[in-house]
>>> print(open('entry_18.txt').read())   # compact mmCIF, C-alpha atoms and all ligand atoms
# COMPACT_ATOMS: atom_id res chain seq x y z
CA MET N 1 7.22 -22.44 5.92
CA ASP N 2 8.13 -23.34 2.35
CA ASN N 3 11.90 -23.44 2.85
CA PRO N 4 13.00 -25.25 6.04
CA ALA N 5 16.38 -23.46 5.96
CA ILE N 6 14.61 -20.14 6.56
CA LYS N 7 14.15 -19.61 10.27
CA ILE N 8 13.14 -15.96 10.13
CA PRO N 9 10.79 -15.33 7.23
CA PHE N 10 10.26 -11.94 5.66
CA ASN N 11 6.61 -11.92 6.68
CA ARG N 12 4.50 -14.10 8.93
CA THR N 13 0.74 -14.20 9.36
CA SER N 14 -0.33 -13.60 12.91
CA LEU N 15 -3.59 -13.74 14.78
CA VAL N 16 -3.88 -10.71 17.03
CA GLY N 17 -7.36 -11.14 18.47
CA ARG N 18 -10.71 -12.62 17.61
CA GLU N 19 -10.11 -13.52 13.93
CA MET N 20 -11.18 -17.16 14.15
CA GLU N 21 -14.08 -16.42 16.50
CA TYR N 22 -15.45 -13.76 14.15
CA ALA N 23 -15.01 -15.94 11.06
CA ALA N 24 -17.00 -18.68 12.83
CA GLN N 25 -19.59 -16.09 13.79
CA ALA N 26 -19.98 -15.09 10.14
CA VAL N 27 -20.82 -18.71 9.36
CA ALA N 28 -23.22 -18.87 12.30
CA ASN N 29 -24.87 -15.69 11.01
CA GLY N 30 -25.72 -17.67 7.89
CA HIS N 31 -24.23 -14.95 5.71
CA ILE N 32 -20.80 -15.58 4.25
CA SER N 33 -21.33 -13.87 0.90
CA GLY N 34 -20.50 -10.19 0.57
CA ASP N 35 -21.94 -7.21 2.47
CA GLY N 36 -22.94 -9.03 5.64
CA ALA N 37 -22.76 -7.75 9.21
CA PHE N 38 -18.94 -7.82 9.43
CA THR N 39 -18.50 -5.97 6.16
CA ARG N 40 -20.81 -3.26 7.51
CA ARG N 41 -18.78 -3.07 10.72
CA CYS N 42 -15.53 -2.69 8.74
CA HIS N 43 -17.09 0.07 6.63
CA GLU N 44 -18.31 1.91 9.72
CA LEU N 45 -14.96 1.62 11.49
CA LEU N 46 -13.00 2.93 8.51
CA GLU N 47 -15.47 5.76 7.86
CA ARG N 48 -15.53 6.81 11.51
CA GLU N 49 -11.80 6.50 12.20
CA LEU N 50 -10.53 8.05 8.98
CA GLY N 51 -13.37 10.48 8.37
CA VAL N 52 -13.93 9.37 4.76
CA ARG N 53 -17.36 9.77 3.21
CA LYS N 54 -17.58 6.13 2.18
CA ALA N 55 -15.47 3.00 2.62
CA LEU N 56 -16.21 -0.10 0.56
CA LEU N 57 -14.37 -3.37 1.14
CA THR N 58 -13.08 -5.00 -2.02
CA THR N 59 -11.44 -8.30 -2.89
CA SER N 60 -8.05 -6.56 -3.18
CA CYS N 61 -6.33 -3.20 -3.48
CA THR N 62 -5.85 -4.09 -7.14
CA HIS N 63 -9.63 -4.31 -7.54
CA ALA N 64 -10.17 -1.06 -5.64
CA LEU N 65 -7.78 0.60 -8.11
CA GLU N 66 -9.70 -0.94 -11.00
CA MET N 67 -12.90 0.49 -9.53
CA ALA N 68 -11.21 3.89 -9.33
CA ALA N 69 -10.28 3.67 -13.02
CA ILE N 70 -13.88 2.83 -13.98
CA LEU N 71 -15.26 5.60 -11.74
CA LEU N 72 -12.95 8.15 -13.36
CA ASP N 73 -14.15 7.02 -16.80
CA ILE N 74 -10.63 6.31 -17.96
CA GLN N 75 -10.72 5.82 -21.76
CA PRO N 76 -8.21 4.55 -24.30
CA GLY N 77 -5.77 7.34 -25.02
CA ASP N 78 -6.06 8.99 -21.61
CA GLU N 79 -2.86 9.52 -19.68
CA VAL N 80 -2.41 8.64 -16.02
CA ILE N 81 0.62 9.86 -14.09
CA ALA N 82 2.02 7.44 -11.50
CA PRO N 83 5.38 6.67 -9.93
CA SER N 84 7.54 4.06 -11.66
CA PHE N 85 8.65 2.89 -8.22
CA THR N 86 5.50 1.03 -7.16
CA PHE N 87 3.62 -2.24 -7.33
CA VAL N 88 2.28 -3.21 -10.76
CA SER N 89 -1.39 -2.73 -9.82
CA THR N 90 -1.01 1.01 -9.21
CA VAL N 91 -0.57 1.41 -12.96
CA ASN N 92 -2.05 -1.78 -14.43
CA ALA N 93 -5.54 -0.92 -13.15
CA PHE N 94 -5.54 2.14 -15.41
CA ALA N 95 -3.75 0.46 -18.33
CA LEU N 96 -6.57 -2.11 -18.25
CA ARG N 97 -8.99 0.67 -19.26
CA GLY N 98 -6.69 1.68 -22.11
CA ALA N 99 -4.81 4.49 -20.38
CA ARG N 100 -1.19 5.25 -21.16
CA PRO N 101 0.89 5.38 -17.99
CA VAL N 102 3.18 8.37 -17.66
CA PHE N 103 5.90 7.48 -15.19
CA ALA N 104 7.08 10.02 -12.65
CA ASP N 105 10.35 9.73 -10.79
CA ILE N 106 10.55 9.69 -6.98
CA ARG N 107 12.14 11.93 -4.37
CA PRO N 108 15.45 10.58 -3.10
CA ASP N 109 14.45 11.08 0.57
CA THR N 110 10.99 9.54 1.05
CA LEU N 111 10.98 7.58 -2.24
CA ASN N 112 7.56 9.13 -2.96
CA ILE N 113 6.47 10.64 -6.27
CA ASP N 114 8.47 13.82 -6.86
CA GLU N 115 5.88 16.57 -6.78
CA ALA N 116 8.36 19.04 -8.31
CA LYS N 117 8.37 16.97 -11.53
CA LEU N 118 4.61 16.55 -11.78
CA GLU N 119 3.66 19.68 -13.64
CA SER N 120 6.00 18.94 -16.56
CA LEU N 121 4.31 15.55 -17.10
CA ILE N 122 0.78 16.94 -17.38
CA THR N 123 -0.76 17.19 -20.87
CA PRO N 124 -4.33 17.87 -22.05
CA LYS N 125 -4.81 14.08 -21.98
CA THR N 126 -3.93 13.67 -18.29
CA LYS N 127 -6.96 12.23 -16.49
CA ALA N 128 -5.52 11.22 -13.14
CA ILE N 129 -2.51 11.39 -10.86
CA VAL N 130 -2.00 8.27 -8.77
CA VAL N 131 0.24 8.70 -5.75
CA VAL N 132 1.64 5.99 -3.48
CA HIS N 133 2.51 6.76 0.13
CA TYR N 134 5.58 4.58 0.06
CA ALA N 135 6.19 2.65 3.29
CA GLY N 136 3.25 4.57 4.73
CA VAL N 137 5.14 7.88 4.69
CA ALA N 138 3.05 10.63 3.11
CA CYS N 139 3.66 12.14 -0.30
CA GLU N 140 3.81 15.96 -0.35
CA MET N 141 0.03 16.26 -0.52
CA ASP N 142 -0.21 20.07 -0.23
CA ALA N 143 1.81 20.57 -3.40
CA ILE N 144 0.22 17.63 -5.21
CA MET N 145 -3.37 18.72 -4.44
CA GLU N 146 -2.59 22.31 -5.40
CA ILE N 147 -1.34 21.23 -8.83
CA ALA N 148 -4.16 18.72 -9.36
CA ASN N 149 -6.91 21.15 -8.33
CA ARG N 150 -5.50 23.96 -10.45
CA ARG N 151 -5.25 21.67 -13.49
CA ARG N 152 -8.56 19.91 -12.66
CA ILE N 153 -7.06 16.43 -12.54
CA ALA N 154 -8.32 13.72 -10.18
CA VAL N 155 -5.98 12.36 -7.52
CA VAL N 156 -6.10 8.72 -6.45
CA GLU N 157 -4.10 7.70 -3.39
CA ASP N 158 -2.80 4.14 -3.52
CA ASN N 159 -2.58 3.82 0.24
CA ALA N 160 -1.78 0.10 0.34
CA HIS N 161 1.04 0.82 2.82
CA GLY N 162 -0.29 3.69 4.83
CA LEU N 163 -3.52 2.94 6.69
CA PHE N 164 -3.54 5.17 9.83
CA GLY N 165 -0.50 7.13 8.65
CA LYS N 166 -0.92 10.93 8.58
CA TYR N 167 0.23 14.00 6.66
CA LYS N 168 0.21 17.20 8.72
CA GLY N 169 -2.18 15.58 11.18
CA ARG N 170 -4.62 14.32 8.55
CA TYR N 171 -5.10 10.64 7.66
CA LEU N 172 -3.67 9.33 4.42
CA GLY N 173 -6.46 8.29 2.09
CA THR N 174 -8.50 11.44 2.81
CA PHE N 175 -6.87 13.77 0.26
CA GLY N 176 -7.65 12.34 -3.18
CA ALA N 177 -11.15 12.02 -4.65
CA LEU N 178 -10.52 8.30 -4.23
CA ALA N 179 -8.07 6.19 -2.25
CA THR N 180 -7.37 2.49 -1.93
CA LEU N 181 -6.22 0.16 0.85
CA SER N 182 -4.74 -3.34 0.77
CA PHE N 183 -5.40 -6.12 3.27
CA HIS N 184 -3.04 -8.56 1.58
CA GLU N 185 -1.18 -10.77 4.04
CA THR N 186 2.00 -8.67 3.75
CA LYS N 187 0.26 -5.46 4.87
CA ASN N 188 -0.23 -4.10 8.42
CA PHE N 189 -3.87 -5.27 8.56
CA SER N 190 -4.83 -8.38 6.69
CA CYS N 191 -7.45 -10.94 5.78
CA GLY N 192 -5.17 -12.77 3.34
CA GLU N 193 -6.46 -11.09 0.21
CA GLY N 194 -8.57 -7.96 0.52
CA GLY N 195 -8.74 -4.23 0.03
CA ALA N 196 -10.97 -1.17 0.22
CA LEU N 197 -11.98 1.78 -1.85
CA LEU N 198 -12.20 5.03 0.13
CA ILE N 199 -14.39 7.75 -1.39
CA ASN N 200 -13.90 11.38 -0.43
CA ASP N 201 -15.82 12.95 -3.30
CA PRO N 202 -19.47 12.05 -2.56
CA GLY N 203 -20.27 12.29 -6.27
CA PHE N 204 -18.69 8.87 -6.72
CA ILE N 205 -20.55 6.96 -3.98
CA GLU N 206 -23.66 5.78 -5.81
CA ARG N 207 -21.81 4.61 -8.90
CA ALA N 208 -19.12 2.90 -6.81
CA GLU N 209 -21.77 0.75 -5.14
CA ILE N 210 -23.14 -0.21 -8.55
CA ILE N 211 -19.72 -1.02 -10.07
CA ARG N 212 -18.90 -3.19 -7.05
CA GLU N 213 -22.17 -5.14 -7.41
CA LYS N 214 -21.84 -6.36 -11.01
CA GLY N 215 -23.27 -3.16 -12.45
CA THR N 216 -26.55 -3.54 -10.56
CA ASP N 217 -28.37 -1.32 -8.06
CA ARG N 218 -28.48 -4.18 -5.57
CA SER N 219 -27.14 -2.02 -2.71
CA LYS N 220 -30.13 0.31 -3.09
CA PHE N 221 -32.44 -2.70 -3.18
CA PHE N 222 -31.05 -3.97 0.13
CA ARG N 223 -31.59 -0.55 1.66
CA GLY N 224 -35.19 -0.63 0.41
CA GLN N 225 -34.65 2.34 -1.89
CA VAL N 226 -35.84 0.41 -4.98
CA ASP N 227 -38.23 -2.55 -5.05
CA LYS N 228 -36.21 -4.67 -7.49
CA TYR N 229 -32.65 -4.56 -8.64
CA THR N 230 -31.38 -4.58 -12.19
CA TRP N 231 -28.44 -3.95 -14.50
CA VAL N 232 -27.79 -0.21 -14.62
CA ASP N 233 -24.08 0.31 -15.44
CA ALA N 234 -20.80 -1.46 -16.15
CA GLY N 235 -19.38 -3.34 -13.19
CA SER N 236 -17.93 -6.51 -11.80
CA SER N 237 -17.89 -8.47 -8.56
CA PHE N 238 -15.56 -6.62 -6.23
CA LEU N 239 -17.03 -7.49 -2.83
CA PRO N 240 -15.30 -9.94 -0.46
CA SER N 241 -16.91 -12.73 1.54
CA ASP N 242 -18.17 -11.67 4.96
CA MET N 243 -15.88 -14.38 6.41
CA LEU N 244 -12.91 -12.35 5.23
CA ALA N 245 -14.50 -9.16 6.54
CA ALA N 246 -14.90 -10.93 9.90
CA PHE N 247 -11.21 -11.83 9.96
CA LEU N 248 -10.30 -8.28 8.98
CA MET N 249 -12.62 -6.72 11.57
CA ALA N 250 -10.74 -8.59 14.30
CA GLN N 251 -7.48 -7.07 13.06
CA LEU N 252 -8.86 -3.54 12.66
CA GLU N 253 -10.28 -3.75 16.17
CA GLU N 254 -6.77 -4.43 17.48
CA ARG N 255 -5.24 -1.58 15.48
CA GLU N 256 -3.54 -0.03 18.50
CA LYS N 257 -1.95 -3.31 19.50
CA ILE N 258 -0.76 -3.94 15.93
CA GLN N 259 0.58 -0.43 15.42
CA THR N 260 2.25 -0.28 18.84
CA SER N 261 4.05 -3.51 18.13
CA ARG N 262 5.11 -2.38 14.63
CA ARG N 263 6.30 0.98 15.97
CA GLN N 264 8.49 -0.82 18.50
CA ILE N 265 10.01 -3.08 15.83
CA TRP N 266 10.66 -0.12 13.52
CA LYS N 267 12.26 1.96 16.27
CA THR N 268 14.50 -0.89 17.35
CA TYR N 269 15.75 -1.38 13.78
CA PHE N 270 16.31 2.36 13.43
CA GLU N 271 18.14 2.82 16.72
CA ARG N 272 20.34 -0.24 16.33
CA LEU N 273 21.21 0.30 12.68
CA SER N 274 21.73 4.08 12.76
CA PRO N 275 25.23 4.04 14.27
CA GLY N 276 27.60 3.02 11.55
CA ALA N 277 25.14 3.37 8.70
CA LYS N 278 26.81 6.47 7.28
CA ASP N 279 30.31 5.00 7.53
CA HIS N 280 29.18 2.12 5.35
CA GLY N 281 27.31 4.20 2.83
CA VAL N 282 23.99 2.81 4.01
CA ARG N 283 20.98 5.09 4.26
CA LEU N 284 18.03 4.48 6.56
CA PRO N 285 14.41 5.61 5.95
CA VAL N 286 13.72 9.35 6.12
CA ILE N 287 10.52 10.37 7.91
CA PRO N 288 9.83 14.12 7.54
CA ASP N 289 8.63 15.84 10.72
CA HIS N 290 5.20 16.56 9.26
CA CYS N 291 4.55 12.88 8.46
CA GLU N 292 3.31 10.25 10.91
CA GLN N 293 4.23 7.01 9.25
CA SER N 294 2.26 3.76 9.45
CA PHE N 295 5.28 1.56 10.32
CA HIS N 296 4.66 -0.64 7.32
CA MET N 297 8.25 -1.56 6.49
CA PHE N 298 11.88 -1.12 7.38
CA TYR N 299 14.36 -0.80 4.57
CA LEU N 300 18.03 -0.06 4.02
CA LEU N 301 19.45 1.73 1.02
CA THR N 302 22.84 0.14 0.45
CA CYS N 303 25.65 1.89 -1.41
CA SER N 304 25.69 -0.54 -4.33
CA LEU N 305 23.93 -3.49 -5.91
CA ASP N 306 26.89 -5.68 -4.85
CA GLN N 307 26.59 -4.62 -1.23
CA ARG N 308 22.88 -5.41 -1.27
CA GLN N 309 23.29 -8.82 -2.86
CA ALA N 310 26.09 -9.67 -0.38
CA LEU N 311 23.78 -8.71 2.51
CA ILE N 312 20.93 -10.84 1.13
CA ARG N 313 23.31 -13.79 0.77
CA ARG N 314 24.74 -13.45 4.26
CA MET N 315 21.30 -13.20 5.82
CA ARG N 316 20.14 -16.23 3.86
CA GLU N 317 23.10 -18.24 5.16
CA ARG N 318 21.83 -17.42 8.63
CA GLY N 319 18.29 -18.48 7.79
CA ILE N 320 16.93 -14.93 7.44
CA LEU N 321 14.89 -13.87 4.45
CA SER N 322 15.27 -10.26 3.33
CA VAL N 323 13.75 -9.09 0.08
CA PHE N 324 13.92 -6.21 -2.36
CA HIS N 325 11.39 -4.48 -4.61
CA TYR N 326 10.28 -2.68 -6.90
CA LEU N 327 11.71 -3.24 -10.34
CA PRO N 328 11.15 0.10 -12.12
CA LEU N 329 7.85 -0.19 -13.98
CA HIS N 330 9.04 2.00 -16.86
CA LEU N 331 11.76 -0.61 -17.59
CA SER N 332 9.45 -3.64 -17.34
CA PRO N 333 8.44 -5.37 -20.60
CA MET N 334 5.01 -3.73 -20.33
CA GLY N 335 6.46 -0.34 -19.35
CA ARG N 336 8.74 -0.41 -22.40
CA LYS N 337 5.71 -0.97 -24.63
CA PHE N 338 4.53 2.40 -23.35
CA GLY N 339 7.86 3.93 -24.31
CA GLY N 340 9.78 3.55 -21.05
CA LYS N 341 13.59 3.56 -21.35
CA GLU N 342 16.73 3.75 -19.21
CA GLY N 343 17.32 7.15 -17.72
CA ASP N 344 13.64 8.20 -17.66
CA CYS N 345 13.46 7.95 -13.86
CA PRO N 346 17.04 8.03 -12.55
CA VAL N 347 16.21 8.05 -8.83
CA THR N 348 13.88 5.07 -9.25
CA GLU N 349 16.57 3.16 -11.15
CA TRP N 350 19.17 3.97 -8.47
CA VAL N 351 16.92 2.99 -5.54
CA SER N 352 15.67 -0.19 -7.17
CA ASP N 353 19.21 -1.64 -7.19
CA ARG N 354 19.94 -0.72 -3.59
CA LEU N 355 16.83 -1.12 -1.46
CA LEU N 356 16.62 -4.01 0.97
CA ARG N 357 13.61 -4.79 3.19
CA LEU N 358 14.14 -6.49 6.54
CA PRO N 359 11.76 -9.04 8.15
CA PHE N 360 8.86 -7.12 9.68
CA TYR N 361 5.81 -8.65 11.32
CA VAL N 362 3.92 -8.35 14.60
CA ASP N 363 5.16 -11.70 15.93
CA LEU N 364 8.84 -10.92 15.26
CA THR N 365 10.43 -11.74 18.63
CA ARG N 366 13.24 -9.74 20.28
CA GLU N 367 15.61 -12.65 19.67
CA GLU N 368 14.66 -12.86 16.01
CA GLN N 369 15.07 -9.14 15.53
CA GLN N 370 18.41 -9.27 17.31
CA ALA N 371 19.54 -11.98 14.87
CA VAL N 372 18.43 -9.88 11.90
CA ILE N 373 20.26 -6.81 13.23
CA GLU N 374 23.45 -8.76 13.88
CA SER N 375 23.39 -10.31 10.43
CA CYS N 376 23.13 -6.99 8.68
CA ILE N 377 25.21 -4.88 11.02
CA TYR N 378 27.64 -3.54 8.54
CA GLU N 379 30.22 -6.28 8.12
CA THR N 380 30.24 -5.36 4.50
CA ASP N 381 33.74 -3.79 4.54
CA ASN N 382 35.58 -7.02 3.71
CA GLN N 383 32.92 -8.24 1.32
CA GLY N 384 34.02 -6.20 -1.67
C1 LIG T 401 0.24 -4.53 -2.07
C2 LIG T 401 0.09 -3.37 -2.96
C3 LIG T 401 -0.94 -3.29 -3.92
C4 LIG T 401 -1.83 -4.43 -4.25
O1 LIG T 401 -2.53 -4.92 -3.19
P1 LIG T 401 -3.45 -6.21 -3.37
O2 LIG T 401 -4.40 -6.08 -2.22
O3 LIG T 401 -2.55 -7.39 -3.27
O4 LIG T 401 -4.12 -6.12 -4.69
C5 LIG T 401 -1.07 -2.12 -4.65
N1 LIG T 401 -0.25 -1.09 -4.47
C6 LIG T 401 0.77 -1.13 -3.59
C7 LIG T 401 1.65 0.07 -3.43
C8 LIG T 401 0.98 -2.28 -2.83
O5 LIG T 401 2.01 -2.34 -1.98
>>> encode(input="entry_18.txt", output="structure tokens")
Amino acid sequence: MDNPAIKIPFNRTSLVGREMEYAAQAVANGHISGDGAFTRRCHELLERELGVRKALLTTSCTHALEMAAILLDIQPGDEVIAPSFTFVSTVNAFALRGARPVFADIRPDTLNIDEAKLESLITPKTKAIVVVHYAGVACEMDAIMEIANRRRIAVVEDNAHGLFGKYKGRYLGTFGALATLSFHETKNFSCGEGGALLINDPGFIERAEIIREKGTDRSKFFRGQVDKYTWVDAGSSFLPSDMLAAFLMAQLEEREKIQTSRRQIWKTYFERLSPGAKDHGVRLPVIPDHCEQSFHMFYLLTCSLDQRQALIRRMRERGILSVFHYLPLHLSPMGRKFGGKEGDCPVTEWVSDRLLRLPFYVDLTREEQQAVIESCIYETDNQG
């Protein structure tokens, strides 16, 4: 660990199964570049489990989002609607193609894009709506898809948090024309750095393979569909090493073990922190009945910035690292260049000052979790 005073980190990498064995096997296979046997197994598993038409591993969720922007032919001057309360890449991937981000505020309950505000943000220039299933709790996809289909606008699901989460019984990542996953080390399933593009609209499959392979038809060549491969479109190198796919495969294979353990940790936080929360003005996550969450994170919404900072300090004194995110994108230096200003997204601004994420990883022991709970069990009364 970087800081020896921290005894309980915010996140910790864990091996849950055959990660090292599979990585060694990738080397033994003599194929550690992209699209080897383990990459194929990851694709098959994601396609079969989720029921998506095509899954393609990428080097990151950021890169999968960049692929989505290229596939949707985003051009300078196009507008893309996205929440302000998200990770930079959700929006940057589209800005990179010249799009102007149009920031939507979030719902105060799930902290997901507020579908009731969507329609008023749509203009003739709107090319895409990017939604984020925050904490792996579904956005209101019925309403969002109805609006998008009626206005003929593509939906991209940034599902970095929500692999195996569901909305009304259907997997997240299966609603939009395109969806993305992250396998960064802070996510439920990880290979350090990695991601995937999920394709639900089959019209995008062939071009996605080309974009991912430097703009060449190399995937067709490997399938024997063409006898040489060549440059046919714009593209880049978005495919991960098969060693990373091997590591990831071992984690995906143990998805029940990982999710069972995360569910237990989440439920323990919720049960132990619920009593007293209201009295101290603290709000816990809201999971609507029709959403099956992915148990990606546990957060508190404190009653003030001061209360949050006091909690962070007290936990730090006890060697526990809690963190907050996201700074509203519309108020970032880049967001302001696109015209963002205070008051544009009031719920986002409110939440950003008050949200606190607690340590959450598969190897979090009972004792560690107990220490976290005790350190944040509302002693905030006398803290001013
Ligand atoms: C982590 C994350 C990303 C980026 O994932 P990388 O794989 O690190 O590129 C994008 N969007 C959201 C919502 C994330 O949480």
>>> atom_distance(input="entry_18.txt", atom1="atom C8 of ligand LIG 401 (chain T)", atom2="atom CA of N:Phe247")
20.1 Å
>>> residues_around(input="entry_18.txt", residues="N:Glu193", least_positions_apart="4", cutoff="9 Å", atoms="all atoms listed in the file", output="count of residues only")
9
>>> residues_near_ligand(input="entry_18.txt", ligand="ligand LIG 401 (chain T)", cutoff="9 Å", atoms="only C-alpha atoms and all ligand atoms", output="JSON, numbers by chain")
{"N": [58, 59, 60, 61, 62, 63, 64, 65, 85, 86, 87, 88, 89, 90, 91, 132, 133, 134, 135, 158, 159, 160, 161, 180, 181, 182, 183, 184, 185, 186, 187, 192, 193, 194, 195, 196]}
>>> closest_residue(input="entry_18.txt", among="N:Tyr171, N:Phe221, N:Tyr22, N:Phe94", to="N:Ala68", atoms="only C-alpha atoms")
N:Phe94
>>> atom_distance(input="entry_18.txt", atom1="atom CA of N:Ala69", atom2="atom CA of N:Gly235")
11.5 Å
>>> closest_residue(input="entry_18.txt", among="N:Arg207, N:His296, N:Arg41, N:Lys278", to="N:Gly136", atoms="all atoms listed in the file")
N:His296
>>> closest_atom_pairs(input="entry_18.txt", of="stretch 286-380 of chain N", to="stretch 138-145 of chain N", cutoff="10 Å", atoms="only C-alpha atoms", output="CSV")
residue,atom,partner,partner_atom,distance
N:Ile287,CA,N:Ala138,CA,8.9
N:Pro288,CA,N:Ala138,CA,8.8
N:His290,CA,N:Ala138,CA,8.8
N:Cys291,CA,N:Ala138,CA,6.0
N:Glu292,CA,N:Ala138,CA,7.8
N:Gln293,CA,N:Ala138,CA,7.2
N:Ser294,CA,N:Ala138,CA,9.4
>>> closest_residue(input="entry_18.txt", among="N:Gly51, N:Pro76, N:Gly339, N:Gly17", to="N:Val102", atoms="all atoms listed in the file")
N:Gly339
>>> closest_residue(input="entry_18.txt", among="N:Pro83, N:Ser236, N:His325, N:Phe175", to="N:Arg107", atoms="only C-alpha atoms")
N:Pro83
>>> residues_around(input="entry_18.txt", residues="N:Glu44", least_positions_apart="3", cutoff="12 Å", atoms="all atoms listed in the file", output="NGL selection string")
:N and (37-41 or 47-57 or 198 or 249 or 252-253)
>>> residues_around(input="entry_18.txt", residues="stretch 282-284 of chain N", least_positions_apart="2", cutoff="12 Å", atoms="only C-alpha atoms", output="VMD selection string")
chain N and resid 108 to 111 266 to 267 269 to 280 286 to 287 297 to 305 307 to 308 311 351 354 to 358 376 to 381
>>> residues_near_point(input="entry_18.txt", point="(10.5, -1.0, -19.5)", cutoff="12 Å", atoms="all atoms listed in the file", output="list in words")
Ser84, Pro101, Phe103, Leu327, Pro328, Leu329, His330, Leu331, Ser332, Pro333, Met334, Gly335, Arg336, Lys337, Phe338, Gly339, Gly340, Lys341, Glu342, Gly343, Asp344, Cys345 and Glu349 of chain N
>>> decode(input="entry_18.txt", residues="stretch 155-169 of chain N", atoms="N, CA, C and O atoms", output="PDB file, in the first residue's frame")
ATOM      1  N   VAL N 155     -28.946   5.530 -28.203  1.00  0.00           N
ATOM      2  CA  VAL N 155     -28.640   5.477 -26.761  1.00  0.00           C
ATOM      3  C   VAL N 155     -27.390   4.625 -26.554  1.00  0.00           C
ATOM      4  O   VAL N 155     -27.261   3.532 -27.115  1.00  0.00           O
ATOM      5  N   VAL N 156     -26.459   5.153 -25.785  1.00  0.00           N
ATOM      6  CA  VAL N 156     -25.265   4.407 -25.370  1.00  0.00           C
ATOM      7  C   VAL N 156     -25.351   4.262 -23.852  1.00  0.00           C
ATOM      8  O   VAL N 156     -25.563   5.243 -23.146  1.00  0.00           O
ATOM      9  N   GLU N 157     -25.215   3.034 -23.371  1.00  0.00           N
ATOM     10  CA  GLU N 157     -25.192   2.814 -21.925  1.00  0.00           C
ATOM     11  C   GLU N 157     -23.741   2.702 -21.456  1.00  0.00           C
ATOM     12  O   GLU N 157     -23.041   1.770 -21.850  1.00  0.00           O
ATOM     13  N   ASP N 158     -23.308   3.659 -20.648  1.00  0.00           N
ATOM     14  CA  ASP N 158     -22.014   3.512 -19.978  1.00  0.00           C
ATOM     15  C   ASP N 158     -22.304   2.651 -18.752  1.00  0.00           C
ATOM     16  O   ASP N 158     -22.793   3.128 -17.728  1.00  0.00           O
ATOM     17  N   ASN N 159     -22.026   1.350 -18.906  1.00  0.00           N
ATOM     18  CA  ASN N 159     -22.353   0.404 -17.836  1.00  0.00           C
ATOM     19  C   ASN N 159     -21.096  -0.034 -17.079  1.00  0.00           C
ATOM     20  O   ASN N 159     -20.953  -1.191 -16.694  1.00  0.00           O
ATOM     21  N   ALA N 160     -20.202   0.932 -16.870  1.00  0.00           N
ATOM     22  CA  ALA N 160     -18.948   0.641 -16.156  1.00  0.00           C
ATOM     23  C   ALA N 160     -19.210   0.074 -14.763  1.00  0.00           C
ATOM     24  O   ALA N 160     -18.411  -0.694 -14.240  1.00  0.00           O
ATOM     25  N   HIS N 161     -20.345   0.453 -14.157  1.00  0.00           N
ATOM     26  CA  HIS N 161     -20.627   0.017 -12.779  1.00  0.00           C
ATOM     27  C   HIS N 161     -21.527  -1.219 -12.720  1.00  0.00           C
ATOM     28  O   HIS N 161     -21.604  -1.843 -11.680  1.00  0.00           O
ATOM     29  N   GLY N 162     -22.249  -1.484 -13.802  1.00  0.00           N
ATOM     30  CA  GLY N 162     -23.435  -2.320 -13.629  1.00  0.00           C
ATOM     31  C   GLY N 162     -23.457  -3.678 -14.289  1.00  0.00           C
ATOM     32  O   GLY N 162     -24.540  -4.215 -14.539  1.00  0.00           O
ATOM     33  N   LEU N 163     -22.294  -4.284 -14.553  1.00  0.00           N
ATOM     34  CA  LEU N 163     -22.325  -5.611 -15.177  1.00  0.00           C
ATOM     35  C   LEU N 163     -23.104  -6.583 -14.275  1.00  0.00           C
ATOM     36  O   LEU N 163     -22.817  -6.681 -13.090  1.00  0.00           O
ATOM     37  N   PHE N 164     -24.062  -7.269 -14.875  1.00  0.00           N
ATOM     38  CA  PHE N 164     -24.966  -8.240 -14.230  1.00  0.00           C
ATOM     39  C   PHE N 164     -26.053  -7.581 -13.368  1.00  0.00           C
ATOM     40  O   PHE N 164     -26.827  -8.277 -12.718  1.00  0.00           O
ATOM     41  N   GLY N 165     -26.145  -6.261 -13.397  1.00  0.00           N
ATOM     42  CA  GLY N 165     -27.312  -5.600 -12.818  1.00  0.00           C
ATOM     43  C   GLY N 165     -28.467  -5.700 -13.810  1.00  0.00           C
ATOM     44  O   GLY N 165     -28.262  -5.963 -15.004  1.00  0.00           O
ATOM     45  N   LYS N 166     -29.710  -5.520 -13.319  1.00  0.00           N
ATOM     46  CA  LYS N 166     -30.881  -5.666 -14.193  1.00  0.00           C
ATOM     47  C   LYS N 166     -31.895  -4.543 -13.993  1.00  0.00           C
ATOM     48  O   LYS N 166     -31.980  -3.970 -12.902  1.00  0.00           O
ATOM     49  N   TYR N 167     -32.642  -4.277 -15.055  1.00  0.00           N
ATOM     50  CA  TYR N 167     -33.777  -3.350 -15.004  1.00  0.00           C
ATOM     51  C   TYR N 167     -35.007  -4.133 -15.439  1.00  0.00           C
ATOM     52  O   TYR N 167     -35.034  -4.672 -16.552  1.00  0.00           O
ATOM     53  N   LYS N 168     -35.987  -4.244 -14.560  1.00  0.00           N
ATOM     54  CA  LYS N 168     -37.187  -5.034 -14.849  1.00  0.00           C
ATOM     55  C   LYS N 168     -36.837  -6.411 -15.426  1.00  0.00           C
ATOM     56  O   LYS N 168     -37.385  -6.845 -16.446  1.00  0.00           O
ATOM     57  N   GLY N 169     -35.862  -7.054 -14.797  1.00  0.00           N
ATOM     58  CA  GLY N 169     -35.503  -8.418 -15.168  1.00  0.00           C
ATOM     59  C   GLY N 169     -34.572  -8.533 -16.362  1.00  0.00           C
ATOM     60  O   GLY N 169     -34.194  -9.647 -16.744  1.00  0.00           O
TER      61      GLY N 169
END
